[in-house]
Amino acid sequence: MINGKENKKYVSNRFSVAPMLDWTDRHCRFFLRLLSKHTVLYTEMVTTGAIIHGKGDYLGYNKEEHPLVLQLGGSDPQAMAHCAAIAEQRGYNEVNINVGCPSDRVKNGSFGACLMAMPETVAECVAAMQSSISIPVTVKCRIGIDDMDDYAGLSRFVSLVADGGCEHFIVHARKAWLQGLSPKENRDIPPLNYPRVYDLKDEFSQLKISINGGITKLEDAQQHLQLVDGVMMGREIYSNPYILSDVDSLFFGESGTAITREEVVVKMTAYIKGQVVQGSKVWHIARHVLGLFQGQAGGRIWRRYLSQNGTQKDVSTDLLLHAYDQVLEAQAKARDFKASKAEG
């Protein structure tokens, strides 16, 4: 119990894919779900203003995407509660508050990483949201911002926001410089500080603490899970998505054979055909699978074929199948070359 309220049912936070603006749209999430049944997927950040005043449907998703978390940007408790209620009605499993994005656009809107300096505001948002919905509210934050770069500041932030009713924090183990660094630079330049996140779990053992930032190998994720409750990976999953095919067996005890790349190509082709009928562009979907053959023979040919042909005016809905034919041809040539070299 927190603040006298019964704990809400959280999705398994053991492994998740980070919300990534312009990347983790619904087409990307459908693709990633083919690779892992249990990985928790997050939407791109959606602002309260877009949901309340926008003309488009910013909350659309495919039913196959669950478990699915909406990442919400905002700082007005009433607006956040209103949007959280809409998210619950639309079938989302959780709502996550963005307290980590360092872009100027986010900062000027009084949400994102700048909210780390306003834990009372975040706590008010959490409390308002939790009182209006039955699904959990979580917070994704940094370990600090600007000169607020010590454990005491992080501990105070978590303590106050937890008092508002948040039971799960996803912590990017880098601080954010709100002045002087671009969002891209903020993903790489501030040094990683995993021990600070571990210390947070030690102090707040009753809370769920997930770690994010710079994690590129599933073996490293397993090591982190010795000390925290969950691991979130982002850019590595996007550039090398097939590593997700091992997640269900490694982290969720799932038995059985992982989906093959060929099966992914076939299923994504069927998905593309269905989405094009509804008005989607082939490239808007195909761009997310550029990394499917990362590290494999023919991987460069796959990327080049999709990039060159997927952006044309009239694109075949069989684009992925045609690209896969090119990959198979390249792999056959590689095998023949290897065989002839061995004989010689």
# chains A, B, ... in the order shown; residues from 1 in each chain; ligands from 1

$ closest_atom_pairs --of "region 175-274 of chain A" --to "region 296-316 of chain A" --cutoff "12 Å" --atoms "only C-alpha atoms" --output "tab-separated table"
residue	atom	partner	partner_atom	distance
A:Ser239	CA	A:Arg303	CA	11.2
A:Asn240	CA	A:Gln296	CA	10.6
A:Tyr242	CA	A:Gln296	CA	10.7
A:Arg261	CA	A:Gln296	CA	10.6
A:Val265	CA	A:Trp302	CA	11.4
A:Thr269	CA	A:Ser316	CA	10.2
A:Ile272	CA	A:Ser316	CA	9.8
A:Lys273	CA	A:Ser316	CA	9.3

$ select_by_dssp --residues "region 156-243 of chain A" --states "alpha helix (DSSP H)" --output "VMD selection string"
chain A and resid 156 to 163 183 to 186 194 to 203 218 to 224 235 to 239

$ closest_residue --among "A:Ala117, A:Val137, A:Ala18, A:Met129" --to "Gly153 (chain A)" --atoms "only C-alpha atoms"
A:Ala117

$ residues_around --residues "Glu185 (chain A)" --least-positions-apart "6" --cutoff "12 Å" --atoms "only C-alpha atoms" --output "mmCIF file with C-alpha atoms, in the first residue's frame"
data_model
loop_
_atom_site.group_PDB
_atom_site.id
_atom_site.type_symbol
_atom_site.label_atom_id
_atom_site.label_comp_id
_atom_site.auth_asym_id
_atom_site.auth_seq_id
_atom_site.Cartn_x
_atom_site.Cartn_y
_atom_site.Cartn_z
ATOM 1 C CA CYS A 101 13.628 14.170 -22.368
ATOM 2 C CA PRO A 102 16.032 17.151 -22.505
ATOM 3 C CA SER A 103 14.974 18.868 -25.744
ATOM 4 C CA ARG A 174 22.879 9.653 -17.196
ATOM 5 C CA LYS A 175 22.135 13.153 -16.066
ATOM 6 C CA ALA A 176 20.837 15.633 -18.639
ATOM 7 C CA TRP A 177 22.406 18.974 -19.450
ATOM 8 C CA LEU A 178 19.489 21.276 -20.243
ATOM 9 C CA GLN A 179 21.908 23.969 -21.374
ATOM 10 C CA PRO A 191 28.762 9.673 -18.358
#

$ select_by_dssp --residues "region 55-91 of chain A" --states "strand (DSSP E or B)" --output "ChimeraX atom specification"
/A:68-73

$ closest_atom_pairs --of "region 228-288 of chain A" --to "region 214-221 of chain A" --cutoff "12 Å" --atoms "only C-alpha atoms" --output "CSV"
residue,atom,partner,partner_atom,distance
A:Val228,CA,A:Ala221,CA,10.0
A:Asp229,CA,A:Ala221,CA,10.7
A:Gly230,CA,A:Ala221,CA,8.6
A:Val231,CA,A:Ala221,CA,6.1
A:Met232,CA,A:Ile215,CA,8.0
A:Met233,CA,A:Ile215,CA,6.1
A:Gly234,CA,A:Ile215,CA,8.1
A:Arg235,CA,A:Thr216,CA,8.3
A:Glu236,CA,A:Thr216,CA,5.5
A:Ile237,CA,A:Thr216,CA,8.0
A:Tyr238,CA,A:Thr216,CA,10.8
A:Ser239,CA,A:Thr216,CA,10.3
A:Asn240,CA,A:Thr216,CA,9.5
A:Pro241,CA,A:Thr216,CA,11.2
A:Tyr242,CA,A:Leu218,CA,11.7
A:Ile243,CA,A:Leu218,CA,7.9
A:Leu244,CA,A:Leu218,CA,8.9
A:Ser245,CA,A:Leu218,CA,10.9
A:Asp246,CA,A:Leu218,CA,8.5
A:Val247,CA,A:Leu218,CA,7.8
A:Asp248,CA,A:Leu218,CA,11.4
A:Ser249,CA,A:Leu218,CA,11.4
A:Leu250,CA,A:Leu218,CA,8.4
A:Phe251,CA,A:Leu218,CA,9.3

$ closest_atom_pairs --of "region 141-183 of chain A" --to "region 93-99 of chain A" --cutoff "12 Å" --atoms "only C-alpha atoms" --output "JSON lines"
{"residue": "A:Cys141", "atom": "CA", "partner": "A:Val99", "partner_atom": "CA", "distance": 4.5}
{"residue": "A:Arg142", "atom": "CA", "partner": "A:Val99", "partner_atom": "CA", "distance": 7.2}
{"residue": "A:Ile143", "atom": "CA", "partner": "A:Val99", "partner_atom": "CA", "distance": 10.4}
{"residue": "A:Gly144", "atom": "CA", "partner": "A:Val99", "partner_atom": "CA", "distance": 10.4}
{"residue": "A:Ile145", "atom": "CA", "partner": "A:Val99", "partner_atom": "CA", "distance": 10.5}
{"residue": "A:Phe157", "atom": "CA", "partner": "A:Val99", "partner_atom": "CA", "distance": 10.9}
{"residue": "A:Val158", "atom": "CA", "partner": "A:Val99", "partner_atom": "CA", "distance": 11.5}
{"residue": "A:Val161", "atom": "CA", "partner": "A:Ile97", "partner_atom": "CA", "distance": 11.2}
{"residue": "A:Cys166", "atom": "CA", "partner": "A:Asn96", "partner_atom": "CA", "distance": 10.0}
{"residue": "A:Glu167", "atom": "CA", "partner": "A:Asn96", "partner_atom": "CA", "distance": 11.4}
{"residue": "A:His168", "atom": "CA", "partner": "A:Asn96", "partner_atom": "CA", "distance": 9.4}
{"residue": "A:Phe169", "atom": "CA", "partner": "A:Asn96", "partner_atom": "CA", "distance": 9.2}
{"residue": "A:Ile170", "atom": "CA", "partner": "A:Asn96", "partner_atom": "CA", "distance": 9.2}
{"residue": "A:Val171", "atom": "CA", "partner": "A:Val99", "partner_atom": "CA", "distance": 9.5}
{"residue": "A:His172", "atom": "CA", "partner": "A:Val99", "partner_atom": "CA", "distance": 10.0}
{"residue": "A:Lys175", "atom": "CA", "partner": "A:Val99", "partner_atom": "CA", "distance": 11.5}
{"residue": "A:Ala176", "atom": "CA", "partner": "A:Val99", "partner_atom": "CA", "distance": 10.6}

$ write_last_selection --atoms "C-alpha atoms" --output "mmCIF file, in the first residue's frame"
data_model
loop_
_atom_site.group_PDB
_atom_site.id
_atom_site.type_symbol
_atom_site.label_atom_id
_atom_site.label_comp_id
_atom_site.auth_asym_id
_atom_site.auth_seq_id
_atom_site.Cartn_x
_atom_site.Cartn_y
_atom_site.Cartn_z
ATOM 1 C CA CYS A 141 13.566 10.065 -15.317
ATOM 2 C CA ARG A 142 17.299 10.810 -15.367
ATOM 3 C CA ILE A 143 19.755 10.524 -12.468
ATOM 4 C CA GLY A 144 20.001 14.313 -12.413
ATOM 5 C CA ILE A 145 20.011 17.529 -14.429
ATOM 6 C CA PHE A 157 12.964 13.289 -6.228
ATOM 7 C CA VAL A 158 12.055 9.603 -5.984
ATOM 8 C CA VAL A 161 7.130 11.257 -6.301
ATOM 9 C CA CYS A 166 4.346 6.079 -8.112
ATOM 10 C CA GLU A 167 5.678 2.570 -7.498
ATOM 11 C CA HIS A 168 7.852 2.088 -10.587
ATOM 12 C CA PHE A 169 10.682 4.353 -11.767
ATOM 13 C CA ILE A 170 12.616 3.782 -14.998
ATOM 14 C CA VAL A 171 15.917 5.591 -14.563
ATOM 15 C CA HIS A 172 18.184 6.627 -17.440
ATOM 16 C CA LYS A 175 22.135 13.153 -16.066
ATOM 17 C CA ALA A 176 20.837 15.633 -18.639
#

$ closest_residue --among "A:Met80, A:Ile285, A:Val327, A:Leu115" --to "Asp25 (chain A)" --atoms "only C-alpha atoms"
A:Ile285

$ closest_residue --among "A:Phe15, A:Tyr324, A:Phe204, A:Tyr194" --to "Phe252 (chain A)" --atoms "only C-alpha atoms"
A:Phe15

$ closest_residue --among "A:Gln275, A:Gln226, A:Ser12, A:Gln206" --to "Asn62 (chain A)" --atoms "only C-alpha atoms"
A:Gln275

$ closest_residue --among "A:Thr48, A:Lys8, A:Leu290, A:Leu320" --to "Gly165 (chain A)" --atoms "only C-alpha atoms"
A:Lys8

$ closest_residue --among "A:Glu88, A:Glu44, A:Asp163, A:Asp147" --to "Ser132 (chain A)" --atoms "only C-alpha atoms"
A:Glu88

$ residues_around --residues "Asp202 (chain A)" --least-positions-apart "4" --cutoff "9 Å" --atoms "only C-alpha atoms" --output "PDB file with N, CA, C and O atoms, in the first residue's frame"
ATOM      1  N   VAL A 197      21.910   4.151  -9.782  1.00  0.00           N
ATOM      2  CA  VAL A 197      20.604   3.491  -9.907  1.00  0.00           C
ATOM      3  C   VAL A 197      20.534   2.290  -8.965  1.00  0.00           C
ATOM      4  O   VAL A 197      19.500   2.040  -8.333  1.00  0.00           O
ATOM      5  N   TYR A 198      21.630   1.571  -8.842  1.00  0.00           N
ATOM      6  CA  TYR A 198      21.663   0.448  -7.894  1.00  0.00           C
ATOM      7  C   TYR A 198      21.411   0.942  -6.471  1.00  0.00           C
ATOM      8  O   TYR A 198      20.676   0.304  -5.695  1.00  0.00           O
ATOM      9  N   LEU A 227      20.631  -6.616  -9.713  1.00  0.00           N
ATOM     10  CA  LEU A 227      20.641  -5.486  -8.775  1.00  0.00           C
ATOM     11  C   LEU A 227      19.418  -4.586  -8.878  1.00  0.00           C
ATOM     12  O   LEU A 227      19.160  -3.784  -7.975  1.00  0.00           O
ATOM     13  N   VAL A 228      18.674  -4.679  -9.987  1.00  0.00           N
ATOM     14  CA  VAL A 228      17.460  -3.884 -10.145  1.00  0.00           C
ATOM     15  C   VAL A 228      16.336  -4.783 -10.656  1.00  0.00           C
ATOM     16  O   VAL A 228      16.550  -5.966 -10.926  1.00  0.00           O
TER      17      VAL A 228
END

$ atom_distance --atom1 "CA of Lys208 (chain A)" --atom2 "CA of Ser134 (chain A)"
18.0 Å

$ residues_around --residues "Glu124 (chain A)" --least-positions-apart "2" --cutoff "10 Å" --atoms "only C-alpha atoms" --output "number ranges by chain"
A: 75-78, 80, 119-122, 126-130, 160-161, 163-165

$ write_last_selection --atoms "N, CA, C and O atoms" --output "PDB file, in the first residue's frame"
ATOM      1  N   SER A  75       2.642  18.556 -17.502  1.00  0.00           N
ATOM      2  CA  SER A  75       2.911  18.888 -16.104  1.00  0.00           C
ATOM      3  C   SER A  75       1.697  19.449 -15.376  1.00  0.00           C
ATOM      4  O   SER A  75       1.779  19.781 -14.199  1.00  0.00           O
ATOM      5  N   ASP A  76       0.580  19.547 -16.086  1.00  0.00           N
ATOM      6  CA  ASP A  76      -0.644  20.022 -15.436  1.00  0.00           C
ATOM      7  C   ASP A  76      -1.426  18.816 -14.914  1.00  0.00           C
ATOM      8  O   ASP A  76      -1.837  17.955 -15.706  1.00  0.00           O
ATOM      9  N   PRO A  77      -1.607  18.705 -13.610  1.00  0.00           N
ATOM     10  CA  PRO A  77      -2.240  17.498 -13.043  1.00  0.00           C
ATOM     11  C   PRO A  77      -3.605  17.177 -13.641  1.00  0.00           C
ATOM     12  O   PRO A  77      -3.902  16.010 -13.909  1.00  0.00           O
ATOM     13  N   GLN A  78      -4.424  18.202 -13.875  1.00  0.00           N
ATOM     14  CA  GLN A  78      -5.759  17.938 -14.416  1.00  0.00           C
ATOM     15  C   GLN A  78      -5.676  17.402 -15.845  1.00  0.00           C
ATOM     16  O   GLN A  78      -6.372  16.446 -16.200  1.00  0.00           O
ATOM     17  N   MET A  80      -3.108  15.898 -17.198  1.00  0.00           N
ATOM     18  CA  MET A  80      -2.488  14.573 -17.157  1.00  0.00           C
ATOM     19  C   MET A  80      -3.504  13.520 -16.746  1.00  0.00           C
ATOM     20  O   MET A  80      -3.546  12.417 -17.300  1.00  0.00           O
ATOM     21  N   PRO A 119       9.898  18.018  -8.252  1.00  0.00           N
ATOM     22  CA  PRO A 119       9.307  16.730  -7.850  1.00  0.00           C
ATOM     23  C   PRO A 119       7.906  16.864  -7.276  1.00  0.00           C
ATOM     24  O   PRO A 119       7.078  15.949  -7.424  1.00  0.00           O
ATOM     25  N   GLU A 120       7.622  18.006  -6.644  1.00  0.00           N
ATOM     26  CA  GLU A 120       6.275  18.182  -6.081  1.00  0.00           C
ATOM     27  C   GLU A 120       5.226  18.209  -7.201  1.00  0.00           C
ATOM     28  O   GLU A 120       4.130  17.657  -7.050  1.00  0.00           O
ATOM     29  N   THR A 121       5.584  18.852  -8.320  1.00  0.00           N
ATOM     30  CA  THR A 121       4.669  18.896  -9.462  1.00  0.00           C
ATOM     31  C   THR A 121       4.444  17.502 -10.034  1.00  0.00           C
ATOM     32  O   THR A 121       3.311  17.117 -10.350  1.00  0.00           O
ATOM     33  N   VAL A 122       5.521  16.736 -10.164  1.00  0.00           N
ATOM     34  CA  VAL A 122       5.404  15.371 -10.680  1.00  0.00           C
ATOM     35  C   VAL A 122       4.536  14.532  -9.740  1.00  0.00           C
ATOM     36  O   VAL A 122       3.681  13.755 -10.188  1.00  0.00           O
ATOM     37  N   VAL A 126       1.117  12.487 -10.605  1.00  0.00           N
ATOM     38  CA  VAL A 126       0.941  11.066 -10.325  1.00  0.00           C
ATOM     39  C   VAL A 126      -0.326  10.843  -9.502  1.00  0.00           C
ATOM     40  O   VAL A 126      -1.149   9.969  -9.812  1.00  0.00           O
ATOM     41  N   ALA A 127      -0.486  11.642  -8.439  1.00  0.00           N
ATOM     42  CA  ALA A 127      -1.641  11.470  -7.560  1.00  0.00           C
ATOM     43  C   ALA A 127      -2.953  11.710  -8.315  1.00  0.00           C
ATOM     44  O   ALA A 127      -3.919  10.951  -8.159  1.00  0.00           O
ATOM     45  N   ALA A 128      -2.983  12.762  -9.142  1.00  0.00           N
ATOM     46  CA  ALA A 128      -4.196  13.058  -9.897  1.00  0.00           C
ATOM     47  C   ALA A 128      -4.507  11.946 -10.897  1.00  0.00           C
ATOM     48  O   ALA A 128      -5.662  11.543 -11.064  1.00  0.00           O
ATOM     49  N   MET A 129      -3.470  11.442 -11.539  1.00  0.00           N
ATOM     50  CA  MET A 129      -3.668  10.379 -12.526  1.00  0.00           C
ATOM     51  C   MET A 129      -4.120   9.088 -11.861  1.00  0.00           C
ATOM     52  O   MET A 129      -5.052   8.424 -12.326  1.00  0.00           O
ATOM     53  N   GLN A 130      -3.468   8.729 -10.767  1.00  0.00           N
ATOM     54  CA  GLN A 130      -3.809   7.470 -10.085  1.00  0.00           C
ATOM     55  C   GLN A 130      -5.224   7.508  -9.530  1.00  0.00           C
ATOM     56  O   GLN A 130      -5.894   6.472  -9.438  1.00  0.00           O
ATOM     57  N   LEU A 160       9.697  11.931  -3.006  1.00  0.00           N
ATOM     58  CA  LEU A 160       8.513  12.782  -3.104  1.00  0.00           C
ATOM     59  C   LEU A 160       7.524  12.244  -4.134  1.00  0.00           C
ATOM     60  O   LEU A 160       6.304  12.246  -3.902  1.00  0.00           O
ATOM     61  N   VAL A 161       8.024  11.772  -5.270  1.00  0.00           N
ATOM     62  CA  VAL A 161       7.130  11.257  -6.301  1.00  0.00           C
ATOM     63  C   VAL A 161       6.499   9.938  -5.867  1.00  0.00           C
ATOM     64  O   VAL A 161       5.326   9.664  -6.165  1.00  0.00           O
ATOM     65  N   ASP A 163       5.707   9.260  -2.843  1.00  0.00           N
ATOM     66  CA  ASP A 163       4.637   9.666  -1.925  1.00  0.00           C
ATOM     67  C   ASP A 163       3.366  10.039  -2.684  1.00  0.00           C
ATOM     68  O   ASP A 163       2.264   9.941  -2.148  1.00  0.00           O
ATOM     69  N   GLY A 164       3.520  10.447  -3.946  1.00  0.00           N
ATOM     70  CA  GLY A 164       2.357  10.752  -4.767  1.00  0.00           C
ATOM     71  C   GLY A 164       1.663   9.519  -5.311  1.00  0.00           C
ATOM     72  O   GLY A 164       0.557   9.609  -5.843  1.00  0.00           O
ATOM     73  N   GLY A 165       2.309   8.352  -5.181  1.00  0.00           N
ATOM     74  CA  GLY A 165       1.680   7.102  -5.600  1.00  0.00           C
ATOM     75  C   GLY A 165       2.414   6.337  -6.673  1.00  0.00           C
ATOM     76  O   GLY A 165       1.926   5.301  -7.136  1.00  0.00           O
TER      77      GLY A 165
END

$ residues_around --residues "Gly60 (chain A)" --least-positions-apart "4" --cutoff "10 Å" --atoms "only C-alpha atoms" --output "VMD selection string"
chain A and resid 25 to 26 43 56 90
